[in-house]
>>> print(open('protein04.pdb').read())   # PDB, C-alpha atoms (C1' of nucleotides)
ATOM      1  CA  MET A  26       5.978 -48.785  94.780
ATOM      2  CA  ARG A  27       6.563 -45.063  94.752
ATOM      3  CA  PHE A  28       3.901 -42.886  93.080
ATOM      4  CA  ALA A  29       4.370 -39.205  92.260
ATOM      5  CA  THR A  30       2.201 -36.449  90.829
ATOM      6  CA  TRP A  31       3.624 -33.189  89.524
ATOM      7  CA  ASN A  32       2.215 -30.290  87.560
ATOM      8  CA  VAL A  33       5.376 -29.367  85.647
ATOM      9  CA  ASN A  34       4.004 -26.275  83.835
ATOM     10  CA  SER A  35       5.550 -27.210  80.449
ATOM     11  CA  VAL A  36       7.352 -30.537  80.261
ATOM     12  CA  ARG A  37       9.817 -29.156  77.719
ATOM     13  CA  LYS A  38      10.812 -26.247  79.976
ATOM     14  CA  ARG A  39      11.049 -28.604  82.959
ATOM     15  CA  LEU A  40      12.970 -31.497  81.423
ATOM     16  CA  ASP A  41      16.143 -30.871  83.446
ATOM     17  CA  GLY A  42      14.166 -30.494  86.680
ATOM     18  CA  LEU A  43      12.140 -33.599  85.875
ATOM     19  CA  ARG A  44      15.328 -35.612  85.287
ATOM     20  CA  ARG A  45      16.736 -34.360  88.584
ATOM     21  CA  PHE A  46      13.534 -35.372  90.375
ATOM     22  CA  LEU A  47      13.488 -38.842  88.786
ATOM     23  CA  LYS A  48      17.120 -39.474  89.723
ATOM     24  CA  GLY A  49      16.745 -38.155  93.263
ATOM     25  CA  VAL A  50      13.384 -39.667  94.255
ATOM     26  CA  GLU A  51      13.306 -42.754  92.030
ATOM     27  CA  PRO A  52       9.523 -42.971  91.643
ATOM     28  CA  ASP A  53       8.033 -45.986  89.872
ATOM     29  CA  ILE A  54       5.004 -44.088  88.575
ATOM     30  CA  VAL A  55       4.803 -40.357  87.797
ATOM     31  CA  CYS A  56       1.616 -38.505  86.887
ATOM     32  CA  LEU A  57       2.412 -35.281  85.052
ATOM     33  CA  GLN A  58       0.127 -32.342  84.295
ATOM     34  CA  GLU A  59       0.312 -29.170  82.215
ATOM     35  CA  LEU A  60       2.609 -30.624  79.598
ATOM     36  CA  LYS A  61       1.776 -27.674  77.315
ATOM     37  CA  CYS A  62       2.715 -29.541  74.162
ATOM     38  CA  VAL A  63       1.336 -31.948  71.608
ATOM     39  CA  GLU A  64       2.277 -35.617  71.844
ATOM     40  CA  GLN A  65       4.847 -35.301  69.043
ATOM     41  CA  ASP A  66       6.754 -32.730  71.117
ATOM     42  CA  PHE A  67       6.741 -34.759  74.348
ATOM     43  CA  PRO A  68      10.305 -35.787  75.323
ATOM     44  CA  THR A  69       9.569 -39.506  75.018
ATOM     45  CA  LEU A  70      13.085 -40.581  74.068
ATOM     46  CA  GLU A  71      14.761 -38.411  76.689
ATOM     47  CA  LEU A  72      12.618 -40.003  79.408
ATOM     48  CA  LEU A  73      13.174 -43.486  78.006
ATOM     49  CA  GLY A  74      16.848 -42.702  78.536
ATOM     50  CA  GLU A  75      16.031 -42.227  82.223
ATOM     51  CA  GLY A  76      14.256 -45.577  82.299
ATOM     52  CA  TYR A  77      10.638 -44.396  82.001
ATOM     53  CA  ARG A  78       7.978 -45.234  79.465
ATOM     54  CA  ALA A  79       5.322 -42.600  78.844
ATOM     55  CA  GLU A  80       1.603 -42.601  78.109
ATOM     56  CA  VAL A  81       0.718 -39.111  76.929
ATOM     57  CA  ILE A  82      -2.295 -37.009  75.997
ATOM     58  CA  GLY A  83      -1.075 -33.714  74.580
ATOM     59  CA  GLN A  84      -2.599 -30.453  73.408
ATOM     60  CA  LYS A  85      -1.075 -27.380  71.796
ATOM     61  CA  ALA A  86       0.008 -24.748  74.351
ATOM     62  CA  TYR A  87      -2.337 -25.786  77.165
ATOM     63  CA  ASN A  88      -3.175 -28.712  79.436
ATOM     64  CA  GLY A  89      -1.711 -32.125  78.635
ATOM     65  CA  VAL A  90      -1.260 -35.056  81.037
ATOM     66  CA  ALA A  91       1.011 -38.088  81.132
ATOM     67  CA  VAL A  92       1.804 -41.210  83.147
ATOM     68  CA  LEU A  93       5.460 -42.209  83.337
ATOM     69  CA  SER A  94       6.287 -45.724  84.495
ATOM     70  CA  ARG A  95       9.176 -48.134  84.801
ATOM     71  CA  ALA A  96       7.018 -50.963  83.472
ATOM     72  CA  ALA A  97       4.628 -50.757  80.533
ATOM     73  CA  ALA A  98       0.957 -50.048  81.151
ATOM     74  CA  ARG A  99      -1.299 -52.998  80.452
ATOM     75  CA  GLU A 100      -4.225 -50.779  79.438
ATOM     76  CA  THR A 101      -5.126 -47.075  79.199
ATOM     77  CA  VAL A 102      -8.269 -44.954  79.193
ATOM     78  CA  ARG A 103      -7.735 -41.696  77.347
ATOM     79  CA  GLY A 104      -9.982 -38.809  78.340
ATOM     80  CA  LEU A 105     -12.576 -38.405  81.099
ATOM     81  CA  PRO A 106     -15.779 -40.264  80.155
ATOM     82  CA  GLY A 107     -19.062 -38.409  80.152
ATOM     83  CA  ASP A 108     -18.667 -35.824  77.377
ATOM     84  CA  ALA A 109     -17.482 -36.963  73.965
ATOM     85  CA  ALA A 110     -17.279 -33.314  72.813
ATOM     86  CA  ASP A 111     -14.708 -32.388  75.480
ATOM     87  CA  GLU A 112     -11.374 -32.080  73.674
ATOM     88  CA  GLN A 113      -9.247 -30.716  76.515
ATOM     89  CA  ALA A 114      -6.275 -32.958  77.392
ATOM     90  CA  ARG A 115      -6.845 -33.338  81.115
ATOM     91  CA  TYR A 116      -7.348 -37.005  81.982
ATOM     92  CA  LEU A 117      -5.506 -40.275  81.493
ATOM     93  CA  GLU A 118      -5.805 -43.664  83.191
ATOM     94  CA  ALA A 119      -3.219 -46.424  83.094
ATOM     95  CA  VAL A 120      -3.486 -49.952  84.500
ATOM     96  CA  PHE A 121      -0.397 -51.839  85.704
ATOM     97  CA  ASP A 122       0.358 -55.272  87.061
ATOM     98  CA  GLY A 123       1.531 -55.146  90.672
ATOM     99  CA  ALA A 124       2.892 -57.849  92.936
ATOM    100  CA  HIS A 125      -0.595 -58.411  94.414
ATOM    101  CA  GLY A 126      -2.579 -57.910  91.210
ATOM    102  CA  PRO A 127      -3.504 -55.015  88.944
ATOM    103  CA  PHE A 128      -3.772 -51.399  90.071
ATOM    104  CA  ARG A 129      -4.884 -48.246  88.256
ATOM    105  CA  VAL A 130      -3.378 -44.784  88.103
ATOM    106  CA  VAL A 131      -5.243 -41.648  87.020
ATOM    107  CA  SER A 132      -3.359 -38.495  86.030
ATOM    108  CA  LEU A 133      -5.760 -35.560  86.010
ATOM    109  CA  TYR A 134      -5.653 -31.821  85.522
ATOM    110  CA  LEU A 135      -8.932 -30.482  86.854
ATOM    111  CA  PRO A 136     -10.046 -27.197  85.232
ATOM    112  CA  ASN A 137      -9.065 -24.011  87.050
ATOM    113  CA  GLY A 138     -12.529 -22.493  86.630
ATOM    114  CA  ASN A 139     -11.645 -18.825  87.053
ATOM    115  CA  PRO A 140     -13.252 -16.442  86.883
ATOM    116  CA  ALA A 141     -16.212 -17.781  88.865
ATOM    117  CA  GLY A 142     -19.602 -17.428  87.246
ATOM    118  CA  THR A 143     -18.317 -17.894  83.705
ATOM    119  CA  GLU A 144     -18.427 -20.783  81.244
ATOM    120  CA  LYS A 145     -15.034 -21.847  82.576
ATOM    121  CA  TYR A 146     -16.526 -22.177  86.039
ATOM    122  CA  ALA A 147     -19.490 -24.172  84.748
ATOM    123  CA  TYR A 148     -17.059 -26.437  82.876
ATOM    124  CA  LYS A 149     -15.130 -27.038  86.104
ATOM    125  CA  LEU A 150     -18.249 -28.029  88.043
ATOM    126  CA  LYS A 151     -19.425 -30.286  85.233
ATOM    127  CA  TRP A 152     -15.965 -31.846  84.993
ATOM    128  CA  MET A 153     -16.046 -32.575  88.738
ATOM    129  CA  GLU A 154     -19.430 -34.294  88.327
ATOM    130  CA  ARG A 155     -17.990 -36.442  85.555
ATOM    131  CA  LEU A 156     -14.961 -37.250  87.713
ATOM    132  CA  GLU A 157     -17.157 -38.359  90.605
ATOM    133  CA  GLN A 158     -19.176 -40.538  88.225
ATOM    134  CA  ARG A 159     -16.034 -42.139  86.805
ATOM    135  CA  ALA A 160     -14.616 -42.626  90.309
ATOM    136  CA  ALA A 161     -17.825 -44.403  91.322
ATOM    137  CA  GLU A 162     -17.455 -46.769  88.368
ATOM    138  CA  LEU A 163     -13.835 -47.501  89.262
ATOM    139  CA  LEU A 164     -14.692 -48.121  92.922
ATOM    140  CA  GLU A 165     -17.129 -50.817  91.839
ATOM    141  CA  THR A 166     -14.332 -52.712  90.084
ATOM    142  CA  GLU A 167     -12.512 -53.039  93.450
ATOM    143  CA  VAL A 168      -9.182 -52.725  91.637
ATOM    144  CA  PRO A 169      -7.001 -50.460  93.824
ATOM    145  CA  PHE A 170      -6.413 -47.058  92.246
ATOM    146  CA  VAL A 171      -5.182 -43.524  92.808
ATOM    147  CA  LEU A 172      -6.564 -40.238  91.510
ATOM    148  CA  ALA A 173      -3.507 -38.020  91.231
ATOM    149  CA  GLY A 174      -3.016 -34.563  89.877
ATOM    150  CA  ASP A 175      -3.665 -30.864  90.011
ATOM    151  CA  PHE A 176      -7.248 -30.705  91.311
ATOM    152  CA  ASN A 177      -7.344 -26.897  91.427
ATOM    153  CA  VAL A 178      -9.203 -27.255  94.739
ATOM    154  CA  ILE A 179      -8.065 -25.865  98.089
ATOM    155  CA  PRO A 180      -9.869 -28.299 100.403
ATOM    156  CA  GLY A 181      -9.962 -26.199 103.576
ATOM    157  CA  ARG A 182      -8.833 -22.965 105.231
ATOM    158  CA  ALA A 183      -5.712 -24.656 106.586
ATOM    159  CA  ASP A 184      -4.643 -25.407 103.017
ATOM    160  CA  ALA A 185      -3.929 -21.754 102.197
ATOM    161  CA  ALA A 186      -1.519 -19.309 103.848
ATOM    162  CA  ASP A 187      -4.065 -16.544 103.328
ATOM    163  CA  PRO A 188      -7.511 -18.149 102.950
ATOM    164  CA  ALA A 189      -9.264 -14.771 102.956
ATOM    165  CA  ALA A 190      -7.514 -13.929  99.674
ATOM    166  CA  TRP A 191      -9.165 -16.952  98.017
ATOM    167  CA  GLU A 192     -12.762 -16.452  99.190
ATOM    168  CA  THR A 193     -14.165 -15.646  95.736
ATOM    169  CA  ASP A 194     -11.725 -17.781  93.756
ATOM    170  CA  ALA A 195     -12.849 -20.851  91.798
ATOM    171  CA  LEU A 196     -10.230 -22.904  93.702
ATOM    172  CA  PHE A 197     -11.900 -22.220  97.044
ATOM    173  CA  LEU A 198     -15.601 -21.435  96.518
ATOM    174  CA  PRO A 199     -17.923 -23.576  98.687
ATOM    175  CA  GLU A 200     -19.519 -25.150  95.602
ATOM    176  CA  VAL A 201     -16.150 -26.437  94.428
ATOM    177  CA  ARG A 202     -14.994 -27.568  97.873
ATOM    178  CA  ASN A 203     -18.288 -29.385  98.333
ATOM    179  CA  ALA A 204     -17.844 -31.200  95.031
ATOM    180  CA  PHE A 205     -14.364 -32.244  96.138
ATOM    181  CA  ARG A 206     -15.710 -33.423  99.487
ATOM    182  CA  ARG A 207     -18.452 -35.429  97.775
ATOM    183  CA  LEU A 208     -15.714 -37.228  95.870
ATOM    184  CA  LEU A 209     -13.666 -37.815  99.032
ATOM    185  CA  ASN A 210     -16.731 -39.069 100.886
ATOM    186  CA  ARG A 211     -16.963 -42.025  98.567
ATOM    187  CA  GLY A 212     -14.111 -43.426 100.623
ATOM    188  CA  PHE A 213     -10.902 -41.921  99.253
ATOM    189  CA  LEU A 214      -7.942 -41.104 101.418
ATOM    190  CA  ASP A 215      -6.339 -37.733 100.691
ATOM    191  CA  VAL A 216      -2.877 -39.064 101.484
ATOM    192  CA  ALA A 217      -1.145 -35.708 102.026
ATOM    193  CA  ALA A 218      -3.957 -34.459 104.274
ATOM    194  CA  ALA A 219      -3.410 -37.558 106.393
ATOM    195  CA  ARG A 220       0.249 -36.699 107.024
ATOM    196  CA  PHE A 221       0.594 -32.920 106.680
ATOM    197  CA  SER A 222      -1.297 -29.899 107.903
ATOM    198  CA  GLY A 223      -1.045 -26.211 107.129
ATOM    199  CA  ALA A 224       2.023 -24.870 105.366
ATOM    200  CA  SER A 225       3.818 -28.236 105.428
ATOM    201  CA  GLY A 226       1.214 -29.460 102.929
ATOM    202  CA  PHE A 227       1.491 -26.664 100.397
ATOM    203  CA  THR A 228       2.075 -27.765  96.808
ATOM    204  CA  PHE A 229       1.814 -24.491  94.883
ATOM    205  CA  TRP A 230       3.392 -21.066  95.211
ATOM    206  CA  ASP A 231       2.541 -18.481  92.574
ATOM    207  CA  TYR A 232       5.358 -17.011  90.520
ATOM    208  CA  GLN A 233       3.937 -13.596  91.343
ATOM    209  CA  GLY A 234       4.365 -11.509  94.443
ATOM    210  CA  ALA A 235       7.349 -13.407  95.840
ATOM    211  CA  ALA A 236       4.852 -16.048  96.960
ATOM    212  CA  ARG A 237       7.511 -18.691  97.593
ATOM    213  CA  ALA A 238       9.770 -16.382  99.617
ATOM    214  CA  ARG A 239       6.767 -15.334 101.724
ATOM    215  CA  ASN A 240       5.509 -18.938 101.934
ATOM    216  CA  ASN A 241       2.231 -17.719 100.492
ATOM    217  CA  GLY A 242       1.273 -21.177  99.274
ATOM    218  CA  ILE A 243      -1.752 -23.412  98.803
ATOM    219  CA  ARG A 244      -2.417 -27.151  98.686
ATOM    220  CA  ILE A 245      -4.109 -28.049  95.381
ATOM    221  CA  ASP A 246      -2.142 -31.065  94.097
ATOM    222  CA  HIS A 247      -3.667 -34.180  95.553
ATOM    223  CA  LEU A 248      -3.130 -37.899  95.578
ATOM    224  CA  LEU A 249      -6.356 -39.684  96.483
ATOM    225  CA  ALA A 250      -6.199 -43.378  97.279
ATOM    226  CA  SER A 251      -9.192 -45.699  96.825
ATOM    227  CA  PRO A 252     -10.030 -47.716  99.960
ATOM    228  CA  ALA A 253      -8.182 -50.806  98.722
ATOM    229  CA  MET A 254      -5.206 -48.631  97.783
ATOM    230  CA  ALA A 255      -5.258 -46.699 101.067
ATOM    231  CA  ASP A 256      -4.889 -50.005 102.933
ATOM    232  CA  ARG A 257      -1.506 -50.341 101.241
ATOM    233  CA  LEU A 258      -0.175 -46.840 101.958
ATOM    234  CA  THR A 259       3.236 -46.828 103.627
ATOM    235  CA  GLY A 260       4.554 -43.288 103.193
ATOM    236  CA  VAL A 261       3.934 -39.744 101.940
ATOM    237  CA  ALA A 262       6.252 -36.879 100.988
ATOM    238  CA  ILE A 263       5.949 -33.432  99.436
ATOM    239  CA  HIS A 264       9.043 -32.306  97.552
ATOM    240  CA  ALA A 265       8.818 -28.585  98.199
ATOM    241  CA  GLU A 266      12.568 -28.242  97.633
ATOM    242  CA  THR A 267      11.954 -28.482  93.888
ATOM    243  CA  ARG A 268      10.243 -25.072  94.065
ATOM    244  CA  ASP A 269      13.679 -23.583  94.794
ATOM    245  CA  TRP A 270      15.481 -25.269  91.912
ATOM    246  CA  PRO A 271      16.464 -23.201  88.847
ATOM    247  CA  GLU A 272      13.533 -22.383  86.566
ATOM    248  CA  PRO A 273      11.028 -24.217  88.773
ATOM    249  CA  SER A 274       7.447 -25.182  88.134
ATOM    250  CA  ASP A 275       5.030 -23.246  90.323
ATOM    251  CA  HIS A 276       3.827 -26.658  91.608
ATOM    252  CA  VAL A 277       5.835 -29.297  93.513
ATOM    253  CA  PRO A 278       5.590 -33.103  93.484
ATOM    254  CA  VAL A 279       3.462 -35.083  95.909
ATOM    255  CA  VAL A 280       4.798 -38.609  96.466
ATOM    256  CA  ALA A 281       3.229 -41.628  98.113
ATOM    257  CA  GLU A 282       4.449 -45.148  98.679
ATOM    258  CA  PHE A 283       2.121 -48.131  98.370
ATOM    259  CA  ASP A 284       2.751 -51.824  98.869
ATOM    260  CA  VAL A 285       1.300 -52.905  95.526
TER     261      VAL A 285
ATOM    262  C1'  DA B  30       2.283  -2.242  90.946
ATOM    263  C1'  DT B  31      -1.034  -8.506  87.471
ATOM    264  C1'  DG B  32       5.344  -6.641  89.939
ATOM    265  C1'  DT B  33       5.684 -13.958  87.001
ATOM    266  C1'  DC B  34       5.801 -17.525  83.863
ATOM    267  C1'  DG B  35       5.003 -20.261  79.342
ATOM    268  C1'  DC B  36       2.973 -20.460  74.938
ATOM    269  C1'  DA B  37       1.324 -18.634  70.583
ATOM    270  C1'  DT B  38       1.049 -15.301  66.995
ATOM    271  C1'  DT B  39      -0.465 -10.438  64.519
ATOM    272  C1'  DC B  40       6.607 -12.379  66.028
ATOM    273  C1'  DC B  41      11.013  -8.151  69.663
ATOM    274  C1'  DA B  42       4.985  -6.822  71.395
ATOM    275  C1'  DT B  43       0.843  -8.417  72.902
ATOM    276  C1'  DG B  44      -3.011 -11.696  74.464
ATOM    277  C1'  DC B  45      -4.297 -15.765  76.903
ATOM    278  C1'  DG B  46      -4.229 -18.967  80.756
ATOM    279  C1'  DA B  47      -2.681 -19.819  85.102
TER     280       DA B  47
END
>>> encode(input="protein04.pdb", output="structure tokens")
Amino acid sequence: MRFATWNVNSVRKRLDGLRRFLKGVEPDIVCLQELKCVEQDFPTLELLGEGYRAEVIGQKAYNGVAVLSRAAARETVRGLPGDAADEQARYLEAVFDGAHGPFRVVSLYLPNGNPAGTEKYAYKLKWMERLEQRAAELLETEVPFVLAGDFNVIPGRADAADPAAWETDALFLPEVRNAFRRLLNRGFLDVAAARFSGASGFTFWDYQGAARARNNGIRIDHLLASPAMADRLTGVAIHAETRDWPEPSDHVPVVAEFDV
DNA sequence: ATGTCGCATTCCATGCGA
């Protein structure tokens, strides 16, 4: 099965590009982030017309995540456990029945956290703690799963064209990279890191400063496979060409194939 | 020279978030 994750930066603005991606790549599962709309405004019917069902958590203007799938989800978990007061639409789990048993998909939009040292930064670190806790719970179930989305973490110096420019940024501070590594060290495979290095792994180019033309990119969209899921990995791709389509998202899709 | 986007509102101009 083909799994994709894509921060679309407004699903309504990106509907044509999303359709083009679905037709061209034919993913079975698509994790979307930054929908930037409430659930009532999500293009559910339009995507059904393309053959995809949608589980959606929306929010006005900001955030918003979804899981598109050919087959219906058997079960969902809406929102990241660990803080009942957190109302930001950043986390959605969906469980599906595969050929070898159930598997789980998480679509997540980890907080940006800038500027560092503010409440936003503290929220990011706390959110990462909650994510690690939830990941630990899911690992204990031994049901294969993927954590997919915009992590807003540049894992290493090779994952930025100009790492020096990110030294004080909440996407690259040691504290944040360490939290990401703690998560990885629980046994996840960062599937793109396994197949790409340097610029070939970039997933984001800012709209500003002609970043795409200068290839001033970073790798922040990740697809992490649990150990049982990683055993079933058969392919990885990054669809950087979408960044050059008309009215593109600033992020591009990461795609992985699993025998599930 | 924050020079780009997308969204929202105080709505054709500005603030926020990224």
>>> residues_near_point(input="protein04.pdb", point="(-2.4, -22.9, 72.1)", cutoff="10 Å", atoms="all atoms listed in the file", output="number ranges by chain")
A: 61-63, 84-88; B: 36-38, 45-46
>>> residues_around(input="protein04.pdb", residues="Asp187 in chain A", least_positions_apart="3", cutoff="8 Å", atoms="all atoms listed in the file", output="list in words")
Ala190, Trp191 and Asn241 of chain A
>>> interface_residues(input="protein04.pdb", of="chain A", to="chain B", cutoff="10 Å", atoms="only C-alpha atoms (C1' of nucleotides)", output="list in words")
Asn34, Ser35, Lys38, Lys61, Cys62, Lys85, Ala86, Tyr87, Asn88, Asn137, Asn139, Asp231, Tyr232, Gln233, Gly234, Ala235, Glu272, Pro273, Ser274 and Asp275 of chain A
>>> resolve_selection(input="protein04.pdb", expression="the PyMOL selection byres ((chain A and resi 244) around 8)", output="PDB file with C-alpha atoms, in the coordinates of the input")
ATOM      1  CA  VAL A 178      -9.203 -27.255  94.739  1.00  0.00           C
ATOM      2  CA  ILE A 179      -8.065 -25.865  98.089  1.00  0.00           C
ATOM      3  CA  PRO A 180      -9.869 -28.299 100.403  1.00  0.00           C
ATOM      4  CA  ASP A 184      -4.643 -25.407 103.017  1.00  0.00           C
ATOM      5  CA  ALA A 185      -3.929 -21.754 102.197  1.00  0.00           C
ATOM      6  CA  GLY A 226       1.214 -29.460 102.929  1.00  0.00           C
ATOM      7  CA  PHE A 227       1.491 -26.664 100.397  1.00  0.00           C
ATOM      8  CA  THR A 228       2.075 -27.765  96.808  1.00  0.00           C
ATOM      9  CA  PHE A 229       1.814 -24.491  94.883  1.00  0.00           C
ATOM     10  CA  GLY A 242       1.273 -21.177  99.274  1.00  0.00           C
ATOM     11  CA  ILE A 243      -1.752 -23.412  98.803  1.00  0.00           C
ATOM     12  CA  ILE A 245      -4.109 -28.049  95.381  1.00  0.00           C
ATOM     13  CA  ASP A 246      -2.142 -31.065  94.097  1.00  0.00           C
ATOM     14  CA  HIS A 247      -3.667 -34.180  95.553  1.00  0.00           C
TER      15      HIS A 247
END
>>> atom_distance(input="protein04.pdb", atom1="CA of Leu163 in chain A", atom2="CA of Phe283 in chain A")
18.4 Å
